[in-house]
Structure formats: structure tokens, C-alpha cells
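Trainee: Have a peek at final06.pdb (PDB, C-alpha atoms).
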```
ATOM      1  CA  MET A 766       0.000   0.000   0.000
ATOM      2  CA  SER A 767       1.217   3.498  -0.829
ATOM      3  CA  ARG A 768       1.779   5.792   2.129
ATOM      4  CA  TYR A 769      -0.509   8.521   0.740
ATOM      5  CA  GLU A 770      -4.012   8.208  -0.636
ATOM      6  CA  LEU A 771      -6.674  10.533  -2.010
ATOM      7  CA  ILE A 772     -10.194   9.179  -1.519
ATOM      8  CA  HIS A 773     -13.261  10.602  -3.251
ATOM      9  CA  SER A 774     -16.042  10.274  -0.714
ATOM     10  CA  GLU A 775     -19.434  11.698   0.243
ATOM     11  CA  TRP A 776     -20.972  13.311   3.299
ATOM     12  CA  ASP A 777     -24.758  13.618   3.328
ATOM     13  CA  GLY A 778     -24.702  13.269  -0.464
ATOM     14  CA  GLU A 779     -22.115  16.035  -0.984
ATOM     15  CA  SER A 780     -18.738  15.201  -2.539
ATOM     16  CA  THR A 781     -15.702  15.338  -0.262
ATOM     17  CA  LEU A 782     -11.999  14.709  -0.693
ATOM     18  CA  ARG A 783     -10.191  12.685   1.959
ATOM     19  CA  LEU A 784      -6.423  13.043   2.316
ATOM     20  CA  VAL A 785      -4.765  10.069   4.019
ATOM     21  CA  ASP A 786      -1.267   9.511   5.387
ATOM     22  CA  HIS A 787      -1.324   5.837   6.356
ATOM     23  CA  GLU A 788       2.053   5.853   8.086
ATOM     24  CA  ALA A 789       1.146   8.802  10.306
ATOM     25  CA  GLN A 790      -2.396   7.427  10.777
ATOM     26  CA  ALA A 791      -3.693  10.843   9.772
ATOM     27  CA  THR A 792      -6.805  11.757   7.779
ATOM     28  CA  ALA A 793      -8.022  15.162   6.634
ATOM     29  CA  GLU A 794     -11.308  15.714   4.808
ATOM     30  CA  ILE A 795     -12.424  18.724   2.765
ATOM     31  CA  ILE A 796     -15.783  19.678   1.263
ATOM     32  CA  PRO A 797     -15.206  22.002  -1.727
ATOM     33  CA  ALA A 798     -18.906  22.780  -2.213
ATOM     34  CA  VAL A 799     -19.128  24.508   1.172
ATOM     35  CA  GLY A 800     -16.292  27.001   1.290
ATOM     36  CA  LEU A 801     -13.467  24.503   0.746
ATOM     37  CA  HIS A 802     -14.073  23.648   4.390
ATOM     38  CA  LEU A 803     -11.624  21.409   6.192
ATOM     39  CA  PHE A 804     -14.088  19.691   8.516
ATOM     40  CA  ARG A 805     -12.030  16.757   9.746
ATOM     41  CA  PHE A 806      -8.466  16.133  10.874
ATOM     42  CA  ASP A 807      -7.974  12.882  12.785
ATOM     43  CA  VAL A 808      -4.633  11.516  13.952
ATOM     44  CA  ARG A 809      -4.283   8.112  15.614
ATOM     45  CA  ASN A 810      -8.033   7.940  16.314
ATOM     46  CA  HIS A 811      -8.196  11.393  17.932
ATOM     47  CA  ALA A 812     -10.232  14.226  16.383
ATOM     48  CA  TYR A 813      -8.440  17.592  16.304
ATOM     49  CA  ILE A 814     -11.009  19.604  14.315
ATOM     50  CA  ALA A 815     -14.607  20.156  15.459
ATOM     51  CA  LYS A 816     -17.097  18.751  12.953
ATOM     52  CA  PRO A 817     -20.792  19.648  12.699
ATOM     53  CA  ALA A 818     -23.466  16.982  12.787
ATOM     54  CA  SER A 819     -24.400  17.365   9.112
ATOM     55  CA  VAL A 820     -23.695  19.194   5.873
ATOM     56  CA  ALA A 821     -26.968  21.058   6.387
ATOM     57  CA  GLU A 822     -25.693  22.434   9.692
ATOM     58  CA  LEU A 823     -22.376  23.430   8.105
ATOM     59  CA  ARG A 824     -24.188  25.318   5.360
ATOM     60  CA  VAL A 825     -26.158  27.484   7.780
ATOM     61  CA  LYS A 826     -23.388  27.760  10.404
ATOM     62  CA  SER A 827     -20.286  27.777   8.236
ATOM     63  CA  SER A 828     -18.318  29.975  10.649
ATOM     64  CA  ARG A 829     -18.904  27.656  13.622
ATOM     65  CA  TYR A 830     -17.052  24.460  12.711
ATOM     66  CA  GLY A 831     -14.063  23.113  10.830
ATOM     67  CA  VAL A 832     -11.674  25.691   9.382
ATOM     68  CA  PRO A 833     -13.671  28.516   7.779
ATOM     69  CA  ILE A 834     -11.873  30.745   5.263
ATOM     70  CA  LEU A 835     -12.589  34.364   6.227
ATOM     71  CA  PHE A 836     -12.468  37.219   3.725
ATOM     72  CA  PRO A 837     -12.735  39.546   5.523
ATOM     73  CA  PRO A 838     -12.293  38.110   9.031
ATOM     74  CA  GLY A 839     -14.482  39.281  11.877
ATOM     75  CA  ARG A 840     -17.209  41.867  11.557
ATOM     76  CA  VAL A 841     -17.386  44.992   9.407
ATOM     77  CA  LYS A 842     -19.341  47.693  11.210
ATOM     78  CA  GLN A 843     -22.557  48.625   9.413
ATOM     79  CA  ALA A 844     -21.443  46.299   6.590
ATOM     80  CA  ALA A 845     -19.568  49.148   4.884
ATOM     81  CA  PHE A 846     -16.119  50.725   4.653
ATOM     82  CA  THR A 847     -14.118  53.088   2.468
ATOM     83  CA  PHE A 848     -10.812  52.177   0.840
ATOM     84  CA  GLU A 849      -8.794  54.569  -1.332
ATOM     85  CA  GLY A 850     -11.817  56.805  -1.770
ATOM     86  CA  ARG A 851     -14.196  54.020  -2.851
ATOM     87  CA  GLU A 852     -17.114  52.921  -0.699
ATOM     88  CA  TYR A 853     -17.756  49.201  -0.296
ATOM     89  CA  ARG A 854     -21.166  47.981   0.879
ATOM     90  CA  LEU A 855     -21.202  44.322   1.896
ATOM     91  CA  PRO A 856     -24.184  42.057   2.597
ATOM     92  CA  ALA A 857     -25.429  42.619   6.146
ATOM     93  CA  ASN A 858     -25.305  38.908   6.982
ATOM     94  CA  ARG A 859     -25.166  39.670  10.712
ATOM     95  CA  GLU A 860     -27.476  42.661  11.059
ATOM     96  CA  PRO A 861     -26.523  45.437  10.978
ATOM     97  CA  ASP A 862     -22.973  44.303  10.247
ATOM     98  CA  HIS A 863     -21.151  42.005   7.844
ATOM     99  CA  SER A 864     -19.442  38.969   9.347
ATOM    100  CA  HIS A 865     -16.604  36.739   8.100
ATOM    101  CA  GLY A 866     -17.184  37.104   4.338
ATOM    102  CA  GLU A 867     -18.843  34.644   1.969
ATOM    103  CA  LEU A 868     -15.932  32.511   0.758
ATOM    104  CA  ARG A 869     -16.520  30.212   3.758
ATOM    105  CA  GLU A 870     -19.899  29.107   2.367
ATOM    106  CA  ARG A 871     -19.555  29.448  -1.403
ATOM    107  CA  PRO A 872     -18.574  26.514  -3.666
ATOM    108  CA  TRP A 873     -14.906  26.330  -4.689
ATOM    109  CA  LYS A 874     -13.727  24.738  -7.944
ATOM    110  CA  VAL A 875     -11.248  21.874  -7.599
ATOM    111  CA  VAL A 876      -8.426  22.336 -10.115
ATOM    112  CA  ALA A 877      -6.029  19.562  -9.051
ATOM    113  CA  SER A 878      -5.875  16.644  -6.628
ATOM    114  CA  GLY A 879      -3.832  13.512  -6.142
ATOM    115  CA  ALA A 880      -1.479  11.513  -3.977
ATOM    116  CA  ASP A 881       2.121  10.480  -4.531
ATOM    117  CA  ALA A 882       5.324   9.934  -2.581
ATOM    118  CA  ALA A 883       6.793  13.307  -3.547
ATOM    119  CA  GLY A 884       3.799  15.517  -2.852
ATOM    120  CA  GLY A 885       1.739  13.592  -0.323
ATOM    121  CA  ALA A 886      -2.061  13.738  -0.629
ATOM    122  CA  TYR A 887      -3.401  17.086  -1.804
ATOM    123  CA  VAL A 888      -6.301  19.053  -3.234
ATOM    124  CA  SER A 889      -6.088  22.455  -4.927
ATOM    125  CA  ALA A 890      -9.128  24.639  -5.508
ATOM    126  CA  GLU A 891      -9.913  28.164  -6.524
ATOM    127  CA  PHE A 892     -12.546  30.820  -6.077
ATOM    128  CA  ASN A 893     -12.516  33.513  -8.749
ATOM    129  CA  ILE A 894     -14.606  36.537  -7.862
ATOM    130  CA  ALA A 895     -14.887  37.364 -11.573
ATOM    131  CA  GLU A 896     -17.054  34.248 -11.936
ATOM    132  CA  HIS A 897     -19.486  35.400  -9.232
ATOM    133  CA  PRO A 898     -21.313  38.559 -10.406
ATOM    134  CA  ASP A 899     -23.188  38.993  -7.114
ATOM    135  CA  VAL A 900     -19.897  39.147  -5.194
ATOM    136  CA  LEU A 901     -18.254  41.302  -7.864
ATOM    137  CA  ALA A 902     -21.138  43.767  -7.470
ATOM    138  CA  TYR A 903     -20.026  44.699  -3.941
ATOM    139  CA  PHE A 904     -16.326  43.800  -4.211
ATOM    140  CA  PRO A 905     -15.392  45.103  -7.685
ATOM    141  CA  HIS A 906     -12.054  43.333  -8.065
ATOM    142  CA  ALA A 907     -11.414  40.243 -10.169
ATOM    143  CA  ALA A 908      -9.445  38.498  -7.421
ATOM    144  CA  CYS A 909      -8.630  34.822  -7.778
ATOM    145  CA  PHE A 910      -8.054  32.723  -4.643
ATOM    146  CA  ARG A 911      -6.050  29.509  -5.222
ATOM    147  CA  PHE A 912      -5.567  27.359  -2.126
ATOM    148  CA  THR A 913      -3.985  23.921  -1.633
ATOM    149  CA  TYR A 914      -4.483  21.553   1.287
ATOM    150  CA  ARG A 915      -1.692  18.997   1.552
ATOM    151  CA  LEU A 916      -1.069  16.109   3.969
ATOM    152  CA  LYS A 917       2.554  14.988   3.917
ATOM    153  CA  ASP A 918       4.860  13.496   6.547
ATOM    154  CA  GLY A 919       2.043  13.781   9.078
ATOM    155  CA  THR A 920       1.763  17.552   8.558
ATOM    156  CA  LEU A 921      -1.400  19.146   7.208
ATOM    157  CA  SER A 922      -0.680  22.428   5.437
ATOM    158  CA  LEU A 923      -2.634  25.089   3.633
ATOM    159  CA  SER A 924      -0.775  27.202   1.091
ATOM    160  CA  GLY A 925      -2.448  29.823  -0.990
ATOM    161  CA  GLU A 926      -2.274  32.836  -3.209
ATOM    162  CA  ILE A 927      -4.633  35.699  -3.894
ATOM    163  CA  ALA A 928      -4.072  37.275  -7.294
ATOM    164  CA  ASN A 929      -5.497  40.726  -7.959
ATOM    165  CA  GLU A 930      -6.434  40.455 -11.630
ATOM    166  CA  SER A 931      -8.369  43.701 -11.622
ATOM    167  CA  GLY A 932      -7.146  47.111 -12.717
ATOM    168  CA  SER A 933      -7.085  48.765  -9.283
ATOM    169  CA  THR A 934      -5.692  48.203  -5.800
ATOM    170  CA  MET A 935      -7.974  46.010  -3.683
ATOM    171  CA  PRO A 936      -8.399  45.970   0.108
ATOM    172  CA  LEU A 937      -6.967  42.776   1.590
ATOM    173  CA  SER A 938      -7.994  41.286   4.925
ATOM    174  CA  LEU A 939      -7.768  37.499   5.227
ATOM    175  CA  GLY A 940      -8.176  35.143   8.143
ATOM    176  CA  PHE A 941      -8.945  31.591   9.241
ATOM    177  CA  HIS A 942     -11.099  30.291  12.075
ATOM    178  CA  PRO A 943      -9.912  26.775  12.963
ATOM    179  CA  TYR A 944     -11.920  25.042  15.685
ATOM    180  CA  PHE A 945      -9.446  22.823  17.500
ATOM    181  CA  ALA A 946     -11.454  20.102  19.199
ATOM    182  CA  TYR A 947     -11.139  18.412  22.546
ATOM    183  CA  ALA A 948     -13.289  15.635  23.999
ATOM    184  CA  ASP A 949     -16.031  16.200  26.560
ATOM    185  CA  GLY A 950     -14.406  16.502  29.973
ATOM    186  CA  GLU A 951     -10.942  17.054  28.468
ATOM    187  CA  ALA A 952     -10.818  20.868  28.697
ATOM    188  CA  SER A 953      -9.192  20.954  32.141
ATOM    189  CA  ARG A 954      -6.212  19.083  30.668
ATOM    190  CA  VAL A 955      -5.835  21.134  27.481
ATOM    191  CA  LYS A 956      -3.405  24.053  27.452
ATOM    192  CA  VAL A 957      -3.007  26.848  24.865
ATOM    193  CA  LEU A 958       0.314  28.568  24.102
ATOM    194  CA  ILE A 959       0.385  31.671  21.882
ATOM    195  CA  PRO A 960       3.364  34.053  21.285
ATOM    196  CA  ALA A 961       1.159  37.037  22.088
ATOM    197  CA  ALA A 962       2.999  40.345  22.350
ATOM    198  CA  ALA A 963       0.019  42.565  23.165
ATOM    199  CA  GLU A 964      -3.744  42.499  23.692
ATOM    200  CA  TRP A 965      -6.129  44.908  22.003
ATOM    201  CA  PRO A 966      -8.654  46.613  24.287
ATOM    202  CA  LEU A 967     -12.135  45.979  22.911
ATOM    203  CA  SER A 968     -15.343  47.980  23.079
ATOM    204  CA  ALA A 969     -18.574  46.467  24.363
ATOM    205  CA  ASP A 970     -19.466  45.444  20.818
ATOM    206  CA  GLY A 971     -16.077  43.809  20.242
ATOM    207  CA  TYR A 972     -14.231  46.376  18.108
ATOM    208  CA  ALA A 973     -10.740  47.716  18.802
ATOM    209  CA  ALA A 974     -10.989  50.494  21.406
ATOM    210  CA  GLY A 975      -7.337  51.493  21.607
ATOM    211  CA  GLU A 976      -3.817  50.424  20.774
ATOM    212  CA  PRO A 977      -2.625  47.011  21.989
ATOM    213  CA  ALA A 978      -0.466  46.546  25.084
ATOM    214  CA  PRO A 979       0.970  43.649  27.098
ATOM    215  CA  SER A 980      -1.553  42.224  29.564
ATOM    216  CA  PRO A 981      -1.937  39.433  32.119
ATOM    217  CA  LEU A 982      -3.554  37.351  29.367
ATOM    218  CA  THR A 983      -0.614  37.739  26.969
ATOM    219  CA  ALA A 984       1.807  36.779  29.760
ATOM    220  CA  ALA A 985      -0.281  33.703  30.579
ATOM    221  CA  LEU A 986      -0.545  32.634  26.946
ATOM    222  CA  GLN A 987       3.203  32.862  26.459
ATOM    223  CA  GLN A 988       3.644  30.339  29.262
ATOM    224  CA  GLY A 989       0.560  28.271  28.455
ATOM    225  CA  GLU A 990      -2.987  28.673  29.784
ATOM    226  CA  LEU A 991      -5.607  25.986  30.405
ATOM    227  CA  VAL A 992      -8.714  26.170  28.229
ATOM    228  CA  THR A 993     -10.824  26.244  31.401
ATOM    229  CA  ALA A 994      -9.025  29.433  32.494
ATOM    230  CA  LEU A 995      -9.726  31.301  29.247
ATOM    231  CA  PRO A 996     -12.525  33.900  29.233
ATOM    232  CA  SER A 997     -15.803  32.323  28.183
ATOM    233  CA  TYR A 998     -18.263  33.586  25.581
ATOM    234  CA  PRO A 999     -19.780  36.213  25.462
ATOM    235  CA  GLY A1000     -16.705  38.320  25.762
ATOM    236  CA  GLY A1001     -14.617  35.237  25.076
ATOM    237  CA  SER A1002     -12.994  36.626  21.964
ATOM    238  CA  GLN A1003      -9.616  38.274  22.540
ATOM    239  CA  MET A1004      -7.705  40.081  19.792
ATOM    240  CA  LEU A1005      -3.932  39.841  20.063
ATOM    241  CA  SER A1006      -0.862  41.151  18.291
ATOM    242  CA  ILE A1007       1.734  38.441  17.726
ATOM    243  CA  GLU A1008       5.508  38.701  18.047
ATOM    244  CA  PRO A1009       7.075  39.656  14.659
ATOM    245  CA  GLY A1010       8.271  36.992  12.240
ATOM    246  CA  PRO A1011       7.260  33.351  11.746
ATOM    247  CA  GLN A1012       5.315  32.189  14.775
ATOM    248  CA  THR A1013       4.115  28.914  16.263
ATOM    249  CA  CYS A1014       1.213  28.215  18.604
ATOM    250  CA  GLU A1015       0.579  25.013  20.537
ATOM    251  CA  ILE A1016      -2.372  23.204  21.997
ATOM    252  CA  GLN A1017      -1.207  20.628  24.509
ATOM    253  CA  TYR A1018      -3.450  17.624  25.168
ATOM    254  CA  GLU A1019      -2.256  16.135  28.447
ATOM    255  CA  ALA A1020      -4.756  13.252  28.425
ATOM    256  CA  ARG A1021      -3.729  12.226  24.897
ATOM    257  CA  GLY A1022      -0.007  12.780  25.435
ATOM    258  CA  THR A1023       0.091  14.932  22.294
ATOM    259  CA  LYS A1024       0.399  18.543  21.228
ATOM    260  CA  LEU A1025      -0.953  20.276  18.157
ATOM    261  CA  VAL A1026       1.725  22.541  16.680
ATOM    262  CA  PHE A1027       0.256  25.373  14.598
ATOM    263  CA  ASN A1028       2.909  27.024  12.405
ATOM    264  CA  MET A1029       1.288  30.228  11.200
ATOM    265  CA  GLY A1030       4.033  31.618   8.978
ATOM    266  CA  ASP A1031       4.725  35.352   8.983
ATOM    267  CA  LYS A1032       1.698  36.812   7.178
ATOM    268  CA  PHE A1033      -0.709  36.901  10.131
ATOM    269  CA  PRO A1034       0.354  39.496  12.737
ATOM    270  CA  ILE A1035      -3.081  39.482  14.397
ATOM    271  CA  HIS A1036      -4.521  36.564  16.304
ATOM    272  CA  VAL A1037      -8.014  36.084  17.732
ATOM    273  CA  LEU A1038      -8.476  33.642  20.587
ATOM    274  CA  PHE A1039     -12.016  32.349  20.901
ATOM    275  CA  THR A1040     -13.709  29.761  23.095
ATOM    276  CA  ALA A1041     -16.827  28.340  21.446
ATOM    277  CA  PRO A1042     -19.951  27.810  23.582
ATOM    278  CA  TRP A1043     -21.665  25.533  21.053
ATOM    279  CA  THR A1044     -18.944  22.873  20.691
ATOM    280  CA  SER A1045     -15.948  21.543  22.619
ATOM    281  CA  ALA A1046     -13.284  23.563  20.817
ATOM    282  CA  VAL A1047     -10.951  26.497  21.090
ATOM    283  CA  SER A1048     -10.162  28.712  18.104
ATOM    284  CA  LEU A1049      -6.731  30.153  17.391
ATOM    285  CA  GLU A1050      -7.479  32.471  14.484
ATOM    286  CA  PRO A1051      -4.687  33.966  12.349
ATOM    287  CA  TYR A1052      -5.664  37.267  10.670
ATOM    288  CA  THR A1053      -3.711  39.547   8.362
ATOM    289  CA  SER A1054      -5.350  42.507  10.130
ATOM    290  CA  ILE A1055      -7.676  43.459  12.953
ATOM    291  CA  MET A1056     -11.360  43.133  12.145
ATOM    292  CA  ASN A1057     -13.143  46.204  10.760
ATOM    293  CA  VAL A1058      -9.669  47.392   9.803
ATOM    294  CA  PHE A1059     -10.658  49.788   7.006
ATOM    295  CA  ASN A1060     -13.008  51.656   9.335
ATOM    296  CA  GLU A1061     -10.299  52.149  11.960
ATOM    297  CA  SER A1062      -7.721  54.927  12.251
ATOM    298  CA  PHE A1063      -4.828  52.876  13.675
ATOM    299  CA  ALA A1064      -1.525  52.917  11.818
ATOM    300  CA  PRO A1065      -1.232  50.091   9.277
ATOM    301  CA  GLU A1066       1.929  48.934  11.037
ATOM    302  CA  ILE A1067      -0.142  47.801  14.013
ATOM    303  CA  SER A1068      -3.577  47.209  12.438
ATOM    304  CA  GLY A1069      -2.357  45.153   9.486
ATOM    305  CA  ALA A1070      -4.314  47.195   6.906
ATOM    306  CA  LEU A1071      -3.202  46.066   3.453
ATOM    307  CA  GLY A1072      -3.837  46.916  -0.150
ATOM    308  CA  LEU A1073      -3.016  44.515  -2.980
ATOM    309  CA  ALA A1074      -2.036  46.410  -6.131
ATOM    310  CA  ALA A1075      -3.355  45.494  -9.564
ATOM    311  CA  GLY A1076      -1.443  42.528 -10.960
ATOM    312  CA  GLU A1077       0.115  41.623  -7.606
ATOM    313  CA  THR A1078      -0.250  38.355  -5.671
ATOM    314  CA  PHE A1079      -0.410  37.739  -1.926
ATOM    315  CA  THR A1080       0.895  34.350  -0.744
ATOM    316  CA  PHE A1081       0.804  32.536   2.580
ATOM    317  CA  GLU A1082       1.227  29.119   4.178
ATOM    318  CA  TRP A1083       0.344  27.634   7.545
ATOM    319  CA  SER A1084       0.441  24.085   8.874
ATOM    320  CA  ILE A1085      -0.634  21.896  11.765
ATOM    321  CA  GLN A1086       1.139  18.804  13.035
ATOM    322  CA  ILE A1087       0.476  16.448  15.938
ATOM    323  CA  GLN A1088       3.554  15.678  18.026
ATOM    324  CA  THR A1089       4.278  13.735  21.193
ATOM    325  CA  LEU A1090       3.901  15.828  24.338
ATOM    326  CA  GLU A1091       7.098  15.582  26.355
TER     327      GLU A1091
END
```
Go ahead and express the file in the form of C-alpha cells.
Mentor:
Amino acid sequence: MSRYELIHSEWDGESTLRLVDHEAQATAEIIPAVGLHLFRFDVRNHAYIAKPASVAELRVKSSRYGVPILFPPGRVKQAAFTFEGREYRLPANREPDHSHGELRERPWKVVASGADAAGGAYVSAEFNIAEHPDVLAYFPHAACFRFTYRLKDGTLSLSGEIANESGSTMPLSLGFHPYFAYADGEASRVKVLIPAAAEWPLSADGYAAGEPAPSPLTAALQQGELVTALPSYPGGSQMLSIEPGPQTCEIQYEARGTKLVFNMGDKFPIHVLFTAPWTSAVSLEPYTSIMNVFNESFAPEISGALGLAAGETFTFEWSIQIQTLE
């Protein structure tokens, strides 16, 4: 048997792609028709990603399970912002605001998939805004998103590029919302480590209320904090600035004797920590910028506000790997 395998499968009648690393006893599963959602990552019979009960639930709650792709991440106040003199009005999908974009629920087009010794098991897909007139109507940039999930040597990675194929600079704010699962009753033995440099003060409605600064939470996260000691929802979403450069987070599972190592790369200076009340999971969310960034007046150096010029491409890569906890 080959080490790597790509399996075409189904979940509630919807096509999925299952990436398998037999030697590592690891399986990842993706559903392209619902936001290219990674909804399963199992290693040695342990689930590390929170999965909804059905495809129907994922469709209506696509930001609450798996690994949603967020463009833009977080909420946009009043579902509108101005960038380089142009006003953008987004769908108010969380009245009166816009929340987490639509790429997390739209169908993506698979452009390549396979499994071999050199490349592991992989699936590549794209979402081209030019092919979606309703999205192009409120985001007038022919941007093409091309993402690849790959399982190789026990490591699950996501690499991607966003190509601005339009004739003008586009606002860029990208994030991910992975729900890292733990079993019922396991939370008191699960610890989160994040290289948090500073915490953003938040207003009552969750928006940035001032510049970030070191806090007791950032000090605790640098050393490792139990999930049960994290602030609970509501108010359980903390926005953090991460130390510069490539950064790694960990989730340590004492009962399993494992740790999940989350290598975020160097393109996500903002991190949102979120404890979910509807499932047994904690979210470590890498963002390129703070939420609502184009409505805020903070310097781009700290807010992460980005513009992608016409003809330019933004690239990124992050990965997760399960290791033995020593």
C-alpha cells in the first residue's frame, strides 16, 4: 500500500476529498462545495477539528465548525467601509454588520488533486470573484483565490495565493477560524500557548478600542494557559498582536499525550483567541489585520491594513502537526 491516498467520498450526499497519510495514521477531509471547508483532521483515532453533525448544519453555520476561510475576518461595522476613496457595501449577513465574508460558504472549484510519494495527498481549488457577479457587485475586483491543502509526513498544510487580476488596488484582509477540538471533559487538561505580544482593548461590541499593550492574558498565553481558564463567551474573543516573524502556537493535550503545533508563517500578525460555547473547541485564528480594519484609524503597522495592487499576488502558508507531548 502506498503511504498517501486521495479518496473521493461523500458526506450527506455532498462530494468530499479525503487526504490520508497511512504511516502517520492521519486523515483530513475537505468539502469544496461549502467554502473549501476542512471539517475533519484525525490523527491516531483522535479528532483535532470540530465537525458539525451534518452538511446542512455546516451550510447554515459555516463559521462555527471546521476551518472557515474568512475574507474579511471578523465583523465589518454597518457592513460598509471606504478604501482609497471608494465605498464598499457588503451584505449585512449579521445585522446590521457584515461577518466573516462569503468565501466560507460558497462553492470552490477543484483544479487539481492527487497523492504520490513526492507531494503527499493534496487538493487544490480556486474561487474567482470574476465568476461570481453577485460578489463582484459589492467587491469590484477580479481576485482569484487559489488554495492547496496537503497532507505529507504527518503535517497538514494550507498554502495559498490571492491574485489581484483587476485594474485597481484592492483591500486585503484574510483570516482563518480553525476550531481545534477536545473531547467532553478534556478541557481541564488542554493548554493553549500563543506568542502574544500585546492584547487589544475591545469595546462592548467587540471592536478595537485602543492600541494594543501587554496584559496578564498575553503573559499567561506565552507560558501556556488551560482552556478552562480562558474567558468564556460572550466576551470570550480576545484580539492579540503576535511577536514579529514566523510564529508557532501550541495546543497541549495532556490526556492524549500529544500537542498540536500550529505554524502560522509570517503573514498573520493578528490573532483572535475564541472559546466556542456551542462545541468543545478552542479557536486560534490567524488574521492579516484586525477586524473592521478599514473603518479604523490605527496605523497600518499595528492594524495590518493592506492593499493589494493590480497585478500583484499575496501568498501565505500555515500548517498543523500532531507531536508527542514531552
Trainee: Which residues are near Gly932 in chain A? Cut-off 10 Å, all atoms listed in the file, ignore same chain within fewer than 2 positions. Put them as a ChimeraX atom specification.
Mentor: /A:905-907,929-930,934-935,1074-1076
Trainee: What is the CA of Lys1024 in chain A to CA of Ser774 in chain A distance in Å?
Mentor: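 Value for the CA of Lys1024 in chain A-CA of Ser774 in chain A distance: 28.6 Å.
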Trainee: Quote the spacing between CA of Val875 in chain A and CA of Met1029 in chain A in Å to one decimal place.
Mentor: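 Atom-to-atom, CA of Val875 in chain A and CA of Met1029 in chain A are spaced 24.1 Å apart.
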Trainee: I need the residue set behind the PyMOL selection byres ((chain A and resi 922) around 9) for this file; please write it as a ChimeraX atom specification.
Mentor: /A:913-917,920-921,923-924,1082-1086
Trainee: If we count only C-alpha atoms and set the cut-off at 7 Å, which residues sit around range 1050-1052 of chain A, ignoring sequence neighbours fewer than 3 positions away in its own chain? Please answer as a PDB file with C-alpha atoms, in the frame of the given file.
Mentor:
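Writing done, so here's result_2.pdb:
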```pdb
ATOM      1  CA  PRO A 838     -12.293  38.110   9.031  1.00  0.00           C
ATOM      2  CA  LEU A 939      -7.768  37.499   5.227  1.00  0.00           C
ATOM      3  CA  GLY A 940      -8.176  35.143   8.143  1.00  0.00           C
ATOM      4  CA  PHE A 941      -8.945  31.591   9.241  1.00  0.00           C
ATOM      5  CA  HIS A 942     -11.099  30.291  12.075  1.00  0.00           C
ATOM      6  CA  PRO A 943      -9.912  26.775  12.963  1.00  0.00           C
ATOM      7  CA  PHE A1033      -0.709  36.901  10.131  1.00  0.00           C
ATOM      8  CA  PRO A1034       0.354  39.496  12.737  1.00  0.00           C
ATOM      9  CA  ILE A1035      -3.081  39.482  14.397  1.00  0.00           C
ATOM     10  CA  HIS A1036      -4.521  36.564  16.304  1.00  0.00           C
ATOM     11  CA  VAL A1037      -8.014  36.084  17.732  1.00  0.00           C
ATOM     12  CA  LEU A1038      -8.476  33.642  20.587  1.00  0.00           C
ATOM     13  CA  ILE A1055      -7.676  43.459  12.953  1.00  0.00           C
TER      14      ILE A1055
END
```
Trainee: Return the single residue from A:Asp881, A:Glu951, A:Glu852, A:Glu1066 that is closest to Ser1045 in chain A, with distances computed using all atoms listed in the file.
Mentor: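 Nearest candidate to Ser1045 in chain A out of A:Asp881, A:Glu951, A:Glu852, A:Glu1066: A:Glu951.
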Trainee: May I have the protein, DNA and RNA residues with an atom at most 12 Å from (-3.1, 9.4, 7.1), counting all atoms listed in the file in the file's coordinates, returned as an MDAnalysis selection string?
Mentor: chainID A and resid 767:772 783:794 805:810 880 885:887 915:921 1086:1087
Trainee: Would you mind reading off the distance between CA of Ala844 in chain A and CA of His863 in chain A, one decimal, in Å?
Mentor: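 Straight-line distance from CA of Ala844 in chain A to CA of His863 in chain A works out to 4.5 Å.
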Trainee: Could you give me, as a list in words, the residues that have an atom at most 12 Å away from the point (-23.6, 16.2, -0.4) in the coordinates of the file, using all atoms listed in the file?
Mentor: Ser774, Glu775, Trp776, Asp777, Gly778, Glu779, Ser780, Thr781, Leu782, Ile795, Ile796, Pro797, Ala798, Val799, Ser819, Val820, Ala821, Leu823, Arg824 and Pro872 of chain A
Trainee: Taking the file as shown, what set of residues would the PyMOL selection byres ((chain A and resi 960) around 12) give back, as an MDAnalysis selection string?
Mentor: chainID A and resid 957:959 961:964 979 982:990 1005:1015 1027:1029 1034:1036 1038 1049
Trainee: When you count all atoms listed in the file, which of these residues is closest to Phe892 in chain A: A:Thr847, A:Glu926, A:Asp862, A:Ile1016?
Mentor: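 The closest residue to Phe892 in chain A is A:Glu926.
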Trainee: Just say which residues the PyMOL selection byres ((chain A and resi 815) around 7) picks in this file, as a PyMOL selection string.
Mentor: chain A and resi 804+813-814+816-817+830-831+944-946+1046
Trainee: Would you write out those residues with C-alpha atoms, as a tab-separated table (two decimals), keeping the file's coordinate frame?
Mentor:
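As written to disk, again-v7.tsv reads:
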```tsv
chain	number	residue	atom	x	y	z
A	804	PHE	CA	-14.09	19.69	8.52
A	813	TYR	CA	-8.44	17.59	16.30
A	814	ILE	CA	-11.01	19.60	14.32
A	816	LYS	CA	-17.10	18.75	12.95
A	817	PRO	CA	-20.79	19.65	12.70
A	830	TYR	CA	-17.05	24.46	12.71
A	831	GLY	CA	-14.06	23.11	10.83
A	944	TYR	CA	-11.92	25.04	15.68
A	945	PHE	CA	-9.45	22.82	17.50
A	946	ALA	CA	-11.45	20.10	19.20
A	1046	ALA	CA	-13.28	23.56	20.82
```
Trainee: May I ask which of the residues A:Cys909, A:Leu835, A:Leu937, A:Gly1001 is the closest one to Leu1071 in chain A, counting only C-alpha atoms?
Mentor: A:Leu937
